[in-house]
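**Q** If you scroll down you'll find the structure; I have some questions about it.
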Amino acid sequence: MLLERSKMTKTYSISGYGKMIADRDRMDAYVRALQQAVKPGCVVLDIGTGTGIFALLACKFGARRVYAIEPSDAIQVGKETAAANGYSDRIEFIQDLSTKISLPELADVIISDLRGILPCFQHHIPAIKDARCRLLAPGGVPIPQSDTLWATVVSAPELYAKHSSIWDSKPYGFDMQAAKQREINTWGKGNVTPEQFLTEPRSWATLDYTTIENPNIKAELTWNVDRTGIAHGISVWFDATLAPGIYFSNAPGKPELVYGRAFFPLSDPIDLEPGDTISITLQANLVVDDYVWSWKTRAIDKSGKIKANFRQSTFFGTPISPEHLRKLVA
Ligand SMILES: C[S@@+](CC[C@H](N)C(=O)[O-])C[C@H]1O[C@@H](n2cnc3c(N)ncnc32)[C@H](O)[C@@H]1O
């Protein structure tokens, strides 16, 4: 059972939970959304309570009962903290995944933050959908309400070098392009400034948690380039609406929150010029316990000549030997 849980969710250290609570912009928005939604006597479900912060706040704002769900052993800290603050009688801690539990009553408010760098992270979307359908009272309030994902093409030589420079340097004289091909098909946290944008940010998708069904996302974005620069990758981030009028943003140029921004490197840098067109098809598919990300890039100059045509995917970023693959599919 413990093995099953650890495969389903990322495990955080206590200092990791501390960093989430120390992120004032994120917390201030969550506190305001919770304060707005919690009415005296109401029932709150805190999915992924961690060390218990949202459950404690819900009690402070007058919740009659809080169900605090957490599969990891961090829940023990939540229990001790509830006792230290006099809320043990109002918070029921349940050590499990929200998708595996049932409750004796429906929740008036469901609060969660199961995102990673981006909201397409592990079972975040299926868990939210499941809770909305099974555990939320009619007319109940989910927090967050929606996330909007944004993407733009960026010039970011330093971030790009992290994925490529060691392999391009032919370490000790060896051709190590096989390793570069894996690393160029991975993405991670990487900050950029608005000055590094080569295109205007475009909305890639909006995840409306009051209606969302499908965890998979795919959209093509096309830009007419109007400035000269070398494209190294795609910067992707999300803006959150926690409740009507209560937002936070991860946009480059704003103070960096605990989530950060995602950087997807291109197979090769592209020299862009005014008159070029660049199209990116970005796709996130939930496969078993996490997402496979794919990004296709096509750049065309003003005469119609193809400057770049790349197909990248985290599927190509994981080295796997034929022997291991055979065992996995057997
Ligand atoms: C990003 S942490 C958030 C912790 C805390 N709520 C906060 O916002 O500071 C996400 C937590 O959700 C838990 N989690 C992930 N999926 C879950 C699920 N389906 N049910 C319950 N907990 C889940 C993880 O173990 C992790 O502790």
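The chains in the structure tokens are called A, B, ... from first to last as shown; in each chain the residues are counted from 1, and the ligands are counted from 1 in the order shown.
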Determine which residues of segment 211-318 of chain A receive a DSSP assignment of strand (DSSP E), computed from the backbone, and state them as a count of residues only.
**A** 68
**Q** Please identify all polymer residues within 7 Å of segment 72-89 of chain A, counting only C-alpha atoms, omitting same-chain residues fewer than 2 positions from it, and present them as JSON, numbers by chain.
**A** {"A": [11, 50, 51, 52, 56, 70, 91, 93, 95]}
**Q** Check segment 67-303 of chain A with DSSP on the backbone and list each residue it calls alpha helix (DSSP H), as number ranges by chain.
**A** A: 75-84, 124-134, 157-168, 177-183
**Q** Ligand 1: which residues are within 7 Å, counting only C-alpha atoms and all ligand atoms? Reply as a ChimeraX atom specification.
**A** /A:9-12,17,20-21,47-54,69-72,96-99,112-116,123-124,127
**Q** Using 12 Å as the limit and counting only C-alpha atoms, can you tabulate each residue of segment 137-206 of chain A that touches segment 291-303 of chain A, with its shortest atom-to-atom distance in Å and the two atoms involved, as a tab-separated table?
**A**
residue	atom	partner	partner_atom	distance
A:Ala151	CA	A:Trp295	CA	11.6
A:Val153	CA	A:Thr297	CA	10.3
A:Ile184	CA	A:Trp295	CA	11.3
A:Asn185	CA	A:Ser294	CA	8.6
A:Thr186	CA	A:Trp293	CA	8.6
A:Trp187	CA	A:Trp293	CA	8.8
A:Gly188	CA	A:Trp293	CA	11.4
**Q** If you keep all heavy atoms, can you produce a file of those selected residues as a PDB file, in the first residue's frame?
**A**
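What follows is the written file again_2.pdb:
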ATOM      1  N   ALA A 151       2.001  30.434 -22.791  1.00  0.00           N
ATOM      2  CA  ALA A 151       3.253  29.999 -23.424  1.00  0.00           C
ATOM      3  C   ALA A 151       3.794  31.114 -24.313  1.00  0.00           C
ATOM      4  O   ALA A 151       3.016  31.892 -24.894  1.00  0.00           O
ATOM      5  CB  ALA A 151       3.016  28.741 -24.259  1.00  0.00           C
ATOM      6  N   VAL A 153       7.603  32.006 -26.893  1.00  0.00           N
ATOM      7  CA  VAL A 153       8.927  31.595 -27.369  1.00  0.00           C
ATOM      8  C   VAL A 153       9.965  32.546 -26.763  1.00  0.00           C
ATOM      9  O   VAL A 153       9.743  33.766 -26.753  1.00  0.00           O
ATOM     10  CB  VAL A 153       8.986  31.660 -28.915  1.00  0.00           C
ATOM     11  CG1 VAL A 153      10.350  31.229 -29.418  1.00  0.00           C
ATOM     12  CG2 VAL A 153       7.879  30.802 -29.515  1.00  0.00           C
ATOM     13  N   ILE A 184      17.576  16.991 -24.177  1.00  0.00           N
ATOM     14  CA  ILE A 184      16.852  18.037 -24.909  1.00  0.00           C
ATOM     15  C   ILE A 184      15.355  17.706 -24.986  1.00  0.00           C
ATOM     16  O   ILE A 184      14.535  18.542 -25.333  1.00  0.00           O
ATOM     17  CB  ILE A 184      17.494  18.226 -26.316  1.00  0.00           C
ATOM     18  CG1 ILE A 184      17.469  19.684 -26.728  1.00  0.00           C
ATOM     19  CG2 ILE A 184      16.887  17.350 -27.365  1.00  0.00           C
ATOM     20  CD1 ILE A 184      18.424  20.553 -26.029  1.00  0.00           C
ATOM     21  N   ASN A 185      15.021  16.487 -24.623  1.00  0.00           N
ATOM     22  CA  ASN A 185      13.614  16.068 -24.593  1.00  0.00           C
ATOM     23  C   ASN A 185      13.061  16.039 -23.164  1.00  0.00           C
ATOM     24  O   ASN A 185      12.117  15.299 -22.873  1.00  0.00           O
ATOM     25  CB  ASN A 185      13.455  14.698 -25.254  1.00  0.00           C
ATOM     26  CG  ASN A 185      13.469  14.822 -26.765  1.00  0.00           C
ATOM     27  OD1 ASN A 185      12.498  15.280 -27.359  1.00  0.00           O
ATOM     28  ND2 ASN A 185      14.575  14.443 -27.383  1.00  0.00           N
ATOM     29  N   THR A 186      13.681  16.818 -22.297  1.00  0.00           N
ATOM     30  CA  THR A 186      13.151  16.976 -20.942  1.00  0.00           C
ATOM     31  C   THR A 186      12.880  18.464 -20.706  1.00  0.00           C
ATOM     32  O   THR A 186      13.409  19.311 -21.431  1.00  0.00           O
ATOM     33  CB  THR A 186      14.148  16.496 -19.868  1.00  0.00           C
ATOM     34  OG1 THR A 186      15.314  17.323 -19.924  1.00  0.00           O
ATOM     35  CG2 THR A 186      14.555  15.054 -20.081  1.00  0.00           C
ATOM     36  N   TRP A 187      12.072  18.760 -19.714  1.00  0.00           N
ATOM     37  CA  TRP A 187      11.834  20.162 -19.358  1.00  0.00           C
ATOM     38  C   TRP A 187      11.912  20.296 -17.853  1.00  0.00           C
ATOM     39  O   TRP A 187      11.865  19.301 -17.131  1.00  0.00           O
ATOM     40  CB  TRP A 187      10.492  20.656 -19.904  1.00  0.00           C
ATOM     41  CG  TRP A 187       9.282  19.988 -19.294  1.00  0.00           C
ATOM     42  CD1 TRP A 187       8.688  18.834 -19.714  1.00  0.00           C
ATOM     43  CD2 TRP A 187       8.533  20.421 -18.143  1.00  0.00           C
ATOM     44  NE1 TRP A 187       7.627  18.521 -18.905  1.00  0.00           N
ATOM     45  CE2 TRP A 187       7.495  19.485 -17.933  1.00  0.00           C
ATOM     46  CE3 TRP A 187       8.630  21.514 -17.281  1.00  0.00           C
ATOM     47  CZ2 TRP A 187       6.570  19.600 -16.896  1.00  0.00           C
ATOM     48  CZ3 TRP A 187       7.702  21.631 -16.233  1.00  0.00           C
ATOM     49  CH2 TRP A 187       6.688  20.675 -16.070  1.00  0.00           C
ATOM     50  N   GLY A 188      12.037  21.525 -17.388  1.00  0.00           N
ATOM     51  CA  GLY A 188      12.121  21.731 -15.943  1.00  0.00           C
ATOM     52  C   GLY A 188      11.849  23.171 -15.603  1.00  0.00           C
ATOM     53  O   GLY A 188      11.435  23.971 -16.451  1.00  0.00           O
TER      54      GLY A 188
END
**Q** Between atom CA of Leu266 of chain A and atom CA of Gly233 of chain A, what is the spacing in Å?
**A**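 Going from atom CA of Gly233 of chain A over to atom CA of Leu266 of chain A, I get 4.9 Å.
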**Q** Write out as a PyMOL selection string the residues lying within 8 Å of Lys189 of chain A, counting only C-alpha atoms and excluding same-chain residues fewer than 6 positions away.
**A** chain A and resi 117+260-263
